[in-house]
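Here the structure is laid out as structure tokens; the discussion comes afterwards.
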Amino acid sequence: MPLMQSLSSLPPSSRAGVAVLATGGLCLVFTPVFPWLVVFPEAWSLPVSEWIGVSLTWLFELIKPAARMVSFVLEHPMTWINGGLATTPWQISIGAVTALGWYIGGWRMALLGFLGLGFVLASGYWIEGMNTLALVGVSVPLALVIGGLTGIVAYEFARVRNMIRTFLDVMQTVPTFAYLTPLLLLFGFGPVVGLIASAIYASPPVARNVLLGLQRVDPEIKEAAIMSGSTRMQQLFLVELPAAKRQIMIGVNQSLMAALSMVIIAAVIGGFDDIGWEVLLTMRKAQFGESLLAGLVIVVFAVLMDRMSARLIEEGARFDFRISMGIFAASVLAWLAGSEYLPGASEFALLDGVAERVDSGLGEFTAAQGARLDEIKNGAMFYGLLPLRIGLDEAVLPFTWGFQWDARMSALLLGAAMAVALVLAYRGRPLAGTGLVLAAGMLETGIANLPWPFVLAGASALGWVAGGRKLALYAFLMLAAVLISGLWERALLSLYLCGAAVFACAVAGGSIGLLCAISPVAWRVVRPVCDMLQTIPLFVFLIPVLMFFQIGEFSAFLAICFYAIVPMVRYTRHGLVETPAELLEAAQACGTTRWQILRDIRAPYAAPTILLGLNQTILYAFAMLVIAALIGTTGLGQSIYLALGQADVGLGISSGAAMAILALVADRLVQGFARSKREALGL
């Protein structure tokens, strides 16, 4: 009874920590007797994948005729656009983009368009590039219609707004590969599948920004529309949507980038001679020079779309339209005058020699530095990733570490962690001490070997601390659904690799963000790199890591880190530099040093923003995790990829849903902590 009273007097965070420690201790004691605490019995699992497969197969057979009709209808505009882009002389295409660049952004934007499409032409991938643009050209308008209508419905009907937001969250967290399996069964093999998958993936950014833009319209504008006697439809389409144009255009920009990224991923199913297929084919043949060249074409398209659509968002004055028309007229004249002398778009191959030199140079480099590259990869695996995955118990071996880990070392590790935790608790930081003990226990056991009661208890405790009972119950039920689905072991493998990458991004990205907050010069160097990384489609990140480290888990880890580090850098820097001036002035008046201001004022004030950056990093890591399945990861990403190859819609959907659950739980927990930090700061 005194023990219960003393526990009840502890703050909620301490009680949650004690509960998780108790659960972990009990699992540690009873796992040798009850091995099902680690390996969830198959007899207790539900055949969720089979149920989903049977149900969806029946449903798909029912609606397949209608889906094939939609596929037939959509094939025509894509064929028309593709034919138009492919048959338009390259001089006119380059001239049109250059002219548009001049009109919206002056000579810099015009030069960017000219050099960008000039590189595409010189690469020899002009036709493949036009095929890719044809897919984007049809999928983006379709996404704008779907996303725009969804955003308007969410704005007009408050009762369904939360449901639509949840649906959009699920759409953006379900892995992209998971879309392809059911779409392949419904719409058949071919480019239309990539078109529809691209439209589905690109519609949530539009919906979110339409809703956000309409909600931010000035109430005075709405009142003026009402006072003028306009109907509700007139208010919406003639007043509110035009007033929300800037925010909606941001959604269009994001939709363009999402569509391009998804079109490349859809190349996995083949059926279309586009850039994505060229990248995949050359990667499979280990022709990394050609693969890098095709990947750079994708990057050029992404940069052009991003910069030009972002420029259209700005309200600044446009440049002289007569000069734009002059540029376009000059391109037409160049075509008319040089059509007999200049080669066609498919005949250009100016950079083939570059691709060959890249391949030969890469071969020479790997031959000379192969041993060192293997040392880096093996060192990271044996001394970093493998202990995180299977624990020090199994990873520390005489072959790698020079000694064998035993029970005495485990006791010393946990004992040292407990001692430090007691010191932290004595100094008023019990939560940090509890976290240290839990981290030591997880390192000793390995994330893939964690007992499932401990994981459920830990997630529930984090939910309790971050958001109370409702969030704790949400985390418990969502993870329990993964547990009974029979996908728990694969989920832990995904959690391990994603967690390792997020930790690396948090340390490296946070450090770079801190440096950029302190040094404006560093930010001027880092900012264009971040801009470039955010415009590169996911697929392309696989190419450089494969070039140097081949297929394997370490290559997947690096690809995830490169893709997911940018939000951590940006949000850390933004949070640290946005501290209110009055707080800084008050601190300086008290005689505090620059380090004290950074530690005691800037960092606490920036904590909510940094947590949001961590949240984005987690979501980015989960998104890249499935793409990394192409180069040798295990876990849910591999299951989704295998399901696509086997047309197993049940396994694809259930594995995709399990990964979405992990991402959603992490998202809600981090958002809960960010919200509590903002409330503590009075924001």
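Just remember, in the structure tokens the first chain shown is A, the second B, etc., residues are 1-based per chain, and ligands are 1-based in the order shown.
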Practice problem: Find the residues around Glu314 in chain A up to 12 Å (only C-alpha atoms counted), leave out those fewer than 6 positions away in its own chain, and share them as a VMD selection string. | Solution: chain A and resid 104 to 105 245 to 247 249 to 250 307 to 308
Filtering to N, CA and C atoms, could you give me those residues as a CSV table (one decimal), in the first residue's frame?
```
chain,number,residue,atom,x,y,z
A,104,ILE,N,8.4,34.3,-66.7
A,104,ILE,CA,8.0,34.2,-65.2
A,104,ILE,C,9.2,34.5,-64.3
A,105,GLY,N,10.5,34.5,-64.9
A,105,GLY,CA,11.6,34.6,-64.0
A,105,GLY,C,12.8,35.4,-64.6
A,245,LYS,N,-5.6,31.4,-53.7
A,245,LYS,CA,-4.8,31.0,-54.9
A,245,LYS,C,-3.4,30.7,-54.5
A,246,ARG,N,-2.7,31.5,-53.7
A,246,ARG,CA,-1.3,31.3,-53.4
A,246,ARG,C,-1.1,30.0,-52.6
A,247,GLN,N,-1.9,29.7,-51.6
A,247,GLN,CA,-1.8,28.4,-50.9
A,247,GLN,C,-2.1,27.2,-51.8
A,249,MET,N,-1.6,27.1,-55.0
A,249,MET,CA,-0.5,26.9,-55.9
A,249,MET,C,0.7,26.2,-55.3
A,250,ILE,N,0.8,26.3,-54.0
A,250,ILE,CA,1.8,25.5,-53.2
A,250,ILE,C,1.5,24.1,-53.3
A,307,ARG,N,11.2,24.8,-59.7
A,307,ARG,CA,11.5,26.2,-59.8
A,307,ARG,C,10.5,27.0,-60.5
A,308,MET,N,10.0,26.5,-61.6
A,308,MET,CA,9.0,27.2,-62.4
A,308,MET,C,7.7,27.3,-61.7
```
Quiz item: What lies within 9 Å of range 402-414 of chain A using only C-alpha atoms, ignoring chain neighbours under 3 positions off, as a PyMOL selection string?
Solution: chain A and resi 392-399+417-419+437+440-441+444
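In terms of minimum interatomic distance to Gln596 in chain A, A:Leu584 ranks closest within A:Asp306, A:Thr617, A:Arg678, A:Leu584, counting only C-alpha atoms.
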Practice problem: Extract, using only C-alpha atoms, all DNA, RNA and protein residues at most 9 Å from Val545 in chain A, discarding same-chain residues fewer than 4 positions from it, and format them as a list in words. | Solution: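 So the residues in contact are Phe541, Phe549, Gln550, Ile551, Phe554, Ser555, Ala556, Leu558 and Ala559 of chain A.
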Quiz prompt | Selection: 8 Å around Gly509 in chain A, only C-alpha atoms, excl. self and same-chain fewer than 4 positions, as a VMD selection string | solution = chain A and resid 504 to 505 513 565 to 566 568 to 569 572
Self-check item: Spatial neighbours of Met478 in chain A, 9 Å, only C-alpha atoms, chain gap at least 5 places, as a VMD selection string
Solution: chain A and resid 473 483 658 661 to 662 664 to 665
Given the selection you just returned, output its residues as a file containing N, CA and C atoms, formatted as a PDB file, in the first residue's frame.
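Final output, out.pdb:
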```
ATOM      1  N   LEU A 473      -4.048   4.795 -25.779  1.00  0.00           N
ATOM      2  CA  LEU A 473      -4.914   3.739 -26.302  1.00  0.00           C
ATOM      3  C   LEU A 473      -4.745   3.605 -27.811  1.00  0.00           C
ATOM      4  N   LEU A 483       0.513  -6.694 -34.496  1.00  0.00           N
ATOM      5  CA  LEU A 483       0.938  -7.910 -33.794  1.00  0.00           C
ATOM      6  C   LEU A 483       0.111  -9.118 -34.210  1.00  0.00           C
ATOM      7  N   ALA A 658       0.549  -2.135 -42.395  1.00  0.00           N
ATOM      8  CA  ALA A 658       1.389  -2.254 -41.203  1.00  0.00           C
ATOM      9  C   ALA A 658       2.455  -1.166 -41.167  1.00  0.00           C
ATOM     10  N   ILE A 661       0.825   2.048 -40.289  1.00  0.00           N
ATOM     11  CA  ILE A 661       0.529   2.106 -38.851  1.00  0.00           C
ATOM     12  C   ILE A 661       1.759   2.551 -38.065  1.00  0.00           C
ATOM     13  N   LEU A 662       2.914   1.979 -38.383  1.00  0.00           N
ATOM     14  CA  LEU A 662       4.138   2.393 -37.693  1.00  0.00           C
ATOM     15  C   LEU A 662       4.395   3.886 -37.899  1.00  0.00           C
ATOM     16  N   LEU A 664       2.154   6.239 -38.696  1.00  0.00           N
ATOM     17  CA  LEU A 664       1.112   7.038 -38.058  1.00  0.00           C
ATOM     18  C   LEU A 664       1.310   7.119 -36.552  1.00  0.00           C
ATOM     19  N   VAL A 665       1.689   6.001 -35.939  1.00  0.00           N
ATOM     20  CA  VAL A 665       1.929   6.007 -34.486  1.00  0.00           C
ATOM     21  C   VAL A 665       3.092   6.938 -34.157  1.00  0.00           C
TER      22      VAL A 665
END
```
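For Ser309 in chain A, the list of residues within 12 Å, based on only C-alpha atoms and with local chain neighbours fewer than 2 positions off taken out, reads Leu100, Gly101, Ile104, Gly105, Met109, Arg246, Ile248, Met249, Ile250, Gly251, Val252, Asn253, Gln254, Ser255, Leu256, Met257, Phe301, Ala302, Val303, Leu304, Met305, Asp306, Arg307, Arg311, Leu312, Ile313 and Glu314 of chain A.
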